[in-house]
file structure.cif (mmCIF, C-alpha atoms)
data_final
#
loop_
_atom_site.group_PDB
_atom_site.id
_atom_site.type_symbol
_atom_site.label_atom_id
_atom_site.label_comp_id
_atom_site.auth_asym_id
_atom_site.auth_seq_id
_atom_site.Cartn_x
_atom_site.Cartn_y
_atom_site.Cartn_z
ATOM 1 C CA TYR A 37 0.000 0.000 0.000
ATOM 2 C CA LEU A 38 1.115 3.508 -0.759
ATOM 3 C CA HIS A 39 1.641 5.434 2.470
ATOM 4 C CA VAL A 40 1.259 9.194 2.016
ATOM 5 C CA VAL A 41 2.126 11.605 4.814
ATOM 6 C CA ASP A 42 0.295 14.895 4.853
ATOM 7 C CA PRO A 43 2.981 17.485 5.700
ATOM 8 C CA LEU A 44 0.262 19.710 7.177
ATOM 9 C CA ALA A 45 -0.704 17.011 9.647
ATOM 10 C CA VAL A 46 2.761 16.445 11.128
ATOM 11 C CA ASP A 47 5.321 18.639 12.822
ATOM 12 C CA ALA A 48 7.912 19.036 10.099
ATOM 13 C CA ASP A 49 10.509 21.729 9.765
ATOM 14 C CA GLY A 50 9.944 22.329 6.083
ATOM 15 C CA GLY A 51 10.149 26.091 6.165
ATOM 16 C CA ASP A 52 7.403 28.382 4.963
ATOM 17 C CA GLY A 53 6.769 26.843 1.552
ATOM 18 C CA PRO A 54 3.145 26.081 0.640
ATOM 19 C CA ALA A 55 3.832 22.341 0.789
ATOM 20 C CA TRP A 56 4.614 22.598 4.496
ATOM 21 C CA SER A 57 2.179 25.105 5.880
ATOM 22 C CA ARG A 58 -0.849 27.093 4.933
ATOM 23 C CA LYS A 59 0.483 30.175 6.707
ATOM 24 C CA ARG A 60 4.002 31.295 7.424
ATOM 25 C CA GLN A 61 4.818 31.363 11.124
ATOM 26 C CA GLN A 62 4.971 34.722 12.883
ATOM 27 C CA TYR A 63 8.443 36.248 12.938
ATOM 28 C CA ARG A 64 10.299 35.797 16.214
ATOM 29 C CA PRO A 65 13.486 37.851 16.641
ATOM 30 C CA PRO A 66 16.636 36.210 17.952
ATOM 31 C CA ALA A 67 18.347 37.403 21.103
ATOM 32 C CA MET A 68 20.776 40.118 20.093
ATOM 33 C CA THR A 69 23.061 42.763 21.499
ATOM 34 C CA ARG A 70 22.538 46.079 19.748
ATOM 35 C CA THR A 71 25.425 48.404 18.993
ATOM 36 C CA GLU A 72 25.263 51.444 21.252
ATOM 37 C CA GLY A 73 26.218 54.928 20.110
ATOM 38 C CA ALA A 74 26.269 54.093 16.400
ATOM 39 C CA VAL A 75 26.713 56.926 13.931
ATOM 40 C CA PRO A 76 23.331 57.695 12.299
ATOM 41 C CA TYR A 77 23.306 55.848 8.972
ATOM 42 C CA ALA A 78 20.659 54.400 6.693
ATOM 43 C CA GLU A 79 21.631 51.816 4.070
ATOM 44 C CA LEU A 80 19.614 52.620 0.939
ATOM 45 C CA HIS A 81 20.741 49.857 -1.431
ATOM 46 C CA ALA A 82 20.404 46.312 -0.084
ATOM 47 C CA HIS A 83 19.379 43.136 -1.905
ATOM 48 C CA THR A 84 17.836 40.089 -0.261
ATOM 49 C CA ASN A 85 18.404 36.537 -1.416
ATOM 50 C CA PHE A 86 15.410 37.068 -3.711
ATOM 51 C CA SER A 87 17.819 38.985 -5.988
ATOM 52 C CA PHE A 88 19.564 35.847 -7.133
ATOM 53 C CA LEU A 89 23.353 36.054 -7.565
ATOM 54 C CA ASP A 90 23.359 39.539 -6.028
ATOM 55 C CA GLY A 91 21.923 39.199 -2.504
ATOM 56 C CA ALA A 92 22.642 36.371 -0.070
ATOM 57 C CA SER A 93 20.653 37.095 3.098
ATOM 58 C CA HIS A 94 17.019 36.402 3.914
ATOM 59 C CA PRO A 95 15.000 39.603 4.427
ATOM 60 C CA GLU A 96 14.680 38.853 8.149
ATOM 61 C CA GLU A 97 18.453 38.456 8.463
ATOM 62 C CA LEU A 98 19.033 41.854 6.851
ATOM 63 C CA ALA A 99 16.596 43.493 9.280
ATOM 64 C CA GLU A 100 18.226 41.745 12.246
ATOM 65 C CA GLU A 101 21.739 42.812 11.270
ATOM 66 C CA ALA A 102 20.624 46.390 10.588
ATOM 67 C CA ALA A 103 18.958 46.538 14.015
ATOM 68 C CA ARG A 104 22.014 44.989 15.680
ATOM 69 C CA LEU A 105 24.293 47.584 14.037
ATOM 70 C CA GLY A 106 21.990 50.430 15.068
ATOM 71 C CA LEU A 107 21.160 51.590 11.544
ATOM 72 C CA THR A 108 18.703 54.472 11.321
ATOM 73 C CA ALA A 109 16.780 52.664 8.540
ATOM 74 C CA LEU A 110 17.230 50.057 5.823
ATOM 75 C CA ALA A 111 16.001 50.042 2.225
ATOM 76 C CA VAL A 112 15.396 46.732 0.462
ATOM 77 C CA THR A 113 15.897 47.200 -3.281
ATOM 78 C CA ASP A 114 15.586 43.804 -4.951
ATOM 79 C CA HIS A 115 15.909 43.490 -8.715
ATOM 80 C CA ASP A 116 12.667 44.234 -10.576
ATOM 81 C CA GLY A 117 10.289 43.383 -7.750
ATOM 82 C CA PHE A 118 9.186 43.616 -4.131
ATOM 83 C CA TYR A 119 9.890 39.947 -3.472
ATOM 84 C CA GLY A 120 11.238 40.251 0.064
ATOM 85 C CA VAL A 121 9.400 43.294 1.413
ATOM 86 C CA VAL A 122 6.629 41.505 3.326
ATOM 87 C CA ARG A 123 9.043 39.356 5.293
ATOM 88 C CA PHE A 124 11.396 42.328 5.713
ATOM 89 C CA ALA A 125 8.596 44.626 6.944
ATOM 90 C CA GLU A 126 7.373 42.051 9.473
ATOM 91 C CA ALA A 127 10.843 41.564 10.942
ATOM 92 C CA ALA A 128 11.678 45.283 10.880
ATOM 93 C CA ARG A 129 8.422 46.174 12.672
ATOM 94 C CA THR A 130 9.183 43.658 15.421
ATOM 95 C CA LEU A 131 12.761 44.946 15.726
ATOM 96 C CA GLY A 132 11.768 48.640 15.667
ATOM 97 C CA LEU A 133 13.720 49.303 12.464
ATOM 98 C CA PRO A 134 12.360 51.960 10.062
ATOM 99 C CA THR A 135 11.892 50.581 6.541
ATOM 100 C CA ILE A 136 12.248 51.913 3.028
ATOM 101 C CA PHE A 137 10.969 49.988 0.013
ATOM 102 C CA GLY A 138 12.450 50.285 -3.422
ATOM 103 C CA ALA A 139 13.684 48.319 -6.404
ATOM 104 C CA GLU A 140 16.539 48.190 -8.831
ATOM 105 C CA LEU A 141 14.927 48.359 -12.270
ATOM 106 C CA SER A 142 16.801 46.609 -15.096
ATOM 107 C CA LEU A 143 16.530 48.786 -18.184
ATOM 108 C CA GLY A 144 17.495 47.780 -21.711
ATOM 109 C CA LEU A 145 17.902 44.052 -21.215
ATOM 110 C CA PRO A 146 18.580 42.302 -24.546
ATOM 111 C CA GLY A 147 17.259 38.985 -23.178
ATOM 112 C CA PRO A 148 16.326 37.140 -19.977
ATOM 113 C CA GLN A 149 18.684 37.624 -17.062
ATOM 114 C CA ASN A 150 17.893 34.284 -15.400
ATOM 115 C CA GLY A 151 21.092 32.820 -14.011
ATOM 116 C CA GLU A 152 23.275 35.644 -15.325
ATOM 117 C CA PRO A 153 25.603 36.934 -12.604
ATOM 118 C CA ASP A 154 26.055 40.343 -14.253
ATOM 119 C CA PRO A 155 23.511 40.783 -17.060
ATOM 120 C CA LEU A 156 23.749 43.543 -19.640
ATOM 121 C CA GLY A 157 21.624 46.646 -19.319
ATOM 122 C CA ARG A 158 21.445 49.649 -17.020
ATOM 123 C CA HIS A 159 20.000 49.869 -13.512
ATOM 124 C CA LEU A 160 17.696 52.531 -12.186
ATOM 125 C CA LEU A 161 17.677 52.428 -8.388
ATOM 126 C CA VAL A 162 14.463 53.922 -7.004
ATOM 127 C CA LEU A 163 12.958 54.265 -3.531
ATOM 128 C CA ALA A 164 9.191 54.542 -3.144
ATOM 129 C CA HIS A 165 8.010 57.791 -1.571
ATOM 130 C CA GLY A 166 4.938 56.960 0.523
ATOM 131 C CA HIS A 167 1.985 54.755 -0.338
ATOM 132 C CA GLU A 168 1.450 56.320 -3.752
ATOM 133 C CA GLY A 169 5.105 55.799 -4.641
ATOM 134 C CA TYR A 170 4.913 52.151 -3.625
ATOM 135 C CA ALA A 171 1.742 51.652 -5.683
ATOM 136 C CA ARG A 172 3.186 53.360 -8.766
ATOM 137 C CA LEU A 173 6.452 51.453 -8.526
ATOM 138 C CA ALA A 174 4.608 48.139 -8.126
ATOM 139 C CA SER A 175 2.456 48.990 -11.139
ATOM 140 C CA THR A 176 5.494 49.972 -13.237
ATOM 141 C CA ILE A 177 7.296 46.743 -12.356
ATOM 142 C CA SER A 178 4.219 44.597 -13.038
ATOM 143 C CA ARG A 179 3.666 46.192 -16.446
ATOM 144 C CA ALA A 180 7.329 45.673 -17.352
ATOM 145 C CA GLN A 181 7.248 42.009 -16.279
ATOM 146 C CA LEU A 182 4.140 41.399 -18.400
ATOM 147 C CA ARG A 183 5.512 43.381 -21.342
ATOM 148 C CA GLY A 184 8.706 41.275 -21.313
ATOM 149 C CA GLY A 185 6.728 38.145 -22.142
ATOM 150 C CA GLU A 186 9.175 35.794 -20.398
ATOM 151 C CA LYS A 187 10.564 35.289 -16.928
ATOM 152 C CA GLY A 188 13.616 37.384 -16.125
ATOM 153 C CA ARG A 189 13.157 39.949 -18.873
ATOM 154 C CA PRO A 190 11.176 42.987 -17.756
ATOM 155 C CA VAL A 191 10.709 45.605 -20.462
ATOM 156 C CA TYR A 192 10.274 49.067 -18.957
ATOM 157 C CA GLY A 193 10.580 51.029 -22.177
ATOM 158 C CA GLU A 194 12.596 54.223 -22.439
ATOM 159 C CA LEU A 195 13.933 55.995 -19.355
ATOM 160 C CA GLU A 196 11.647 58.946 -20.086
ATOM 161 C CA GLU A 197 8.584 56.639 -19.981
ATOM 162 C CA VAL A 198 9.591 55.277 -16.571
ATOM 163 C CA ALA A 199 10.279 58.817 -15.343
ATOM 164 C CA GLU A 200 6.812 59.934 -16.424
ATOM 165 C CA GLU A 201 5.132 57.043 -14.556
ATOM 166 C CA LEU A 202 7.097 57.580 -11.340
ATOM 167 C CA ARG A 203 7.609 61.355 -11.345
ATOM 168 C CA ASP A 204 7.252 62.959 -7.885
ATOM 169 C CA HIS A 205 6.617 59.584 -6.218
ATOM 170 C CA VAL A 206 10.063 57.963 -6.036
ATOM 171 C CA LEU A 207 13.556 59.028 -5.105
ATOM 172 C CA VAL A 208 16.215 58.092 -7.647
ATOM 173 C CA LEU A 209 19.670 57.092 -6.424
ATOM 174 C CA THR A 210 22.684 57.423 -8.703
ATOM 175 C CA GLY A 211 25.192 55.287 -6.791
ATOM 176 C CA CYS A 212 24.550 51.941 -8.491
ATOM 177 C CA ARG A 213 27.628 50.930 -10.495
ATOM 178 C CA LYS A 214 25.392 49.958 -13.442
ATOM 179 C CA GLY A 215 23.410 53.191 -13.253
ATOM 180 C CA HIS A 216 23.162 55.883 -15.922
ATOM 181 C CA VAL A 217 25.244 58.485 -14.087
ATOM 182 C CA PRO A 218 28.304 56.274 -13.395
ATOM 183 C CA ALA A 219 28.150 54.945 -16.982
ATOM 184 C CA ALA A 220 28.075 58.472 -18.410
ATOM 185 C CA LEU A 221 30.887 59.518 -16.115
ATOM 186 C CA LEU A 222 33.074 56.667 -17.350
ATOM 187 C CA THR A 223 32.341 57.047 -21.041
ATOM 188 C CA GLU A 224 31.481 60.715 -21.632
ATOM 189 C CA GLY A 225 32.854 62.594 -18.635
ATOM 190 C CA VAL A 226 31.568 64.848 -15.913
ATOM 191 C CA GLU A 227 29.445 67.068 -18.161
ATOM 192 C CA ALA A 228 27.408 64.117 -19.502
ATOM 193 C CA ALA A 229 26.995 62.658 -16.006
#
call {"tool": "encode", "arguments": {"input": "structure.cif", "output": "structure tokens"}}
result
Amino acid sequence: YLHVVDPLAVDADGGDGPAWSRKRQQYRPPAMTRTEGAVPYAELHAHTNFSFLDGASHPEELAEEAARLGLTALAVTDHDGFYGVVRFAEAARTLGLPTIFGAELSLGLPGPQNGEPDPLGRHLLVLAHGHEGYARLASTISRAQLRGGEKGRPVYGELEEVAEELRDHVLVLTGCRKGHVPAALLTEGVEAA
């Protein structure tokens, strides 16, 4: 006889995947010693392990380390999506860490970036400004993912189109090494940047 074990009926440590539980367990912070007297600093460009080949830590781990170090705030900016923000927000709320949500948009991809450690294209690093910024950024990303027609190839269109959609509702950072400003600086000089 075939013996089938229902993973929902037994105590199994299978993580939070849908095969193991109907609902992810509530976040419980580890015991930690926080850094006292830290210099005020907010990290505005961090990737979770949902940004494959670029980020290595679970969203909860990033929030824990930021809280331990005494960071003023932490921004999660995964590639082309908000994949880790729910888990990050839950952990950050419990730890008393202010959050910032953003994304690193991949512009001008010639093909899918699945499994590519450093795909071609430019990055536009944006941070959502308030609820409207989050909604507009989510909408922009969703449209680009659908427009791409295949996994790993969002098509945002021209930079001007993205700017029009997000104008006044996101903050744009120029520090990403694959961003437009560093690229212009390297190839065309200070005036172009």
call {"tool": "atom_distance", "arguments": {"input": "structure.cif", "atom1": "atom CA of A:Gly151", "atom2": "atom CA of A:Asp114"}}
result
15.3 Å
call {"tool": "closest_residue", "arguments": {"input": "structure.cif", "among": "A:Ala111, A:Val122, A:Ala139, A:Leu163", "to": "A:Asp204", "atoms": "all atoms listed in the file"}}
result
A:Leu163
call {"tool": "resolve_selection", "arguments": {"input": "structure.cif", "expression": "the PyMOL selection byres ((chain A and resi 77) around 7)", "output": "PyMOL selection string"}}
result
chain A and resi 75-76+78-79+107-108
call {"tool": "closest_residue", "arguments": {"input": "structure.cif", "among": "A:Leu141, A:Leu195, A:Ala128, A:Leu222", "to": "A:Leu173", "atoms": "only C-alpha atoms"}}
result
A:Leu141
call {"tool": "residues_around", "arguments": {"input": "structure.cif", "residues": "A:Gly169", "least_positions_apart": "5", "cutoff": "9 Å", "atoms": "all atoms listed in the file", "output": "compact mmCIF listing (two decimals) with C-alpha atoms, in the coordinates of the input"}}
result
# COMPACT_ATOMS: atom_id res chain seq x y z
CA LEU A 163 12.96 54.26 -3.53
CA ALA A 164 9.19 54.54 -3.14
CA ALA A 174 4.61 48.14 -8.13
CA LEU A 202 7.10 57.58 -11.34
CA ASP A 204 7.25 62.96 -7.88
CA HIS A 205 6.62 59.58 -6.22
CA VAL A 206 10.06 57.96 -6.04
call {"tool": "resolve_selection", "arguments": {"input": "structure.cif", "expression": "the PyMOL selection byres ((chain A and resi 158) around 8)", "output": "list in words"}}
result
Ser142, Leu143, Gly144, Leu145, Leu156, Gly157, His159, Leu160, Lys214, Gly215 and His216 of chain A
call {"tool": "atom_distance", "arguments": {"input": "structure.cif", "atom1": "atom CA of A:Arg172", "atom2": "atom CA of A:Val217"}}
result
23.3 Å
call {"tool": "closest_residue", "arguments": {"input": "structure.cif", "among": "A:Val208, A:Ala127, A:Ile177, A:Leu110", "to": "A:Tyr63", "atoms": "all atoms listed in the file"}}
result
A:Ala127
call {"tool": "closest_residue", "arguments": {"input": "structure.cif", "among": "A:His165, A:Arg213, A:His115, A:Arg70", "to": "A:Phe88", "atoms": "all atoms listed in the file"}}
result
A:His115
call {"tool": "closest_residue", "arguments": {"input": "structure.cif", "among": "A:Gly193, A:Pro66, A:Gly106, A:Pro95", "to": "A:Val121", "atoms": "all atoms listed in the file"}}
result
A:Pro95
call {"tool": "closest_residue", "arguments": {"input": "structure.cif", "among": "A:Ala220, A:Ala99, A:Leu105, A:Val112", "to": "A:Arg129", "atoms": "only C-alpha atoms"}}
result
A:Ala99
call {"tool": "atom_distance", "arguments": {"input": "structure.cif", "atom1": "atom CA of A:Pro153", "atom2": "atom CA of A:Ser178"}}
result
22.7 Å
call {"tool": "residues_around", "arguments": {"input": "structure.cif", "residues": "A:Ala103", "least_positions_apart": "6", "cutoff": "8 Å", "atoms": "all atoms listed in the file", "output": "PyMOL selection string"}}
result
chain A and resi 70+131-133
call {"tool": "residues_around", "arguments": {"input": "structure.cif", "residues": "A:Thr84", "least_positions_apart": "3", "cutoff": "7 Å", "atoms": "all atoms listed in the file", "output": "PyMOL selection string"}}
result
chain A and resi 87+91-95+114+120
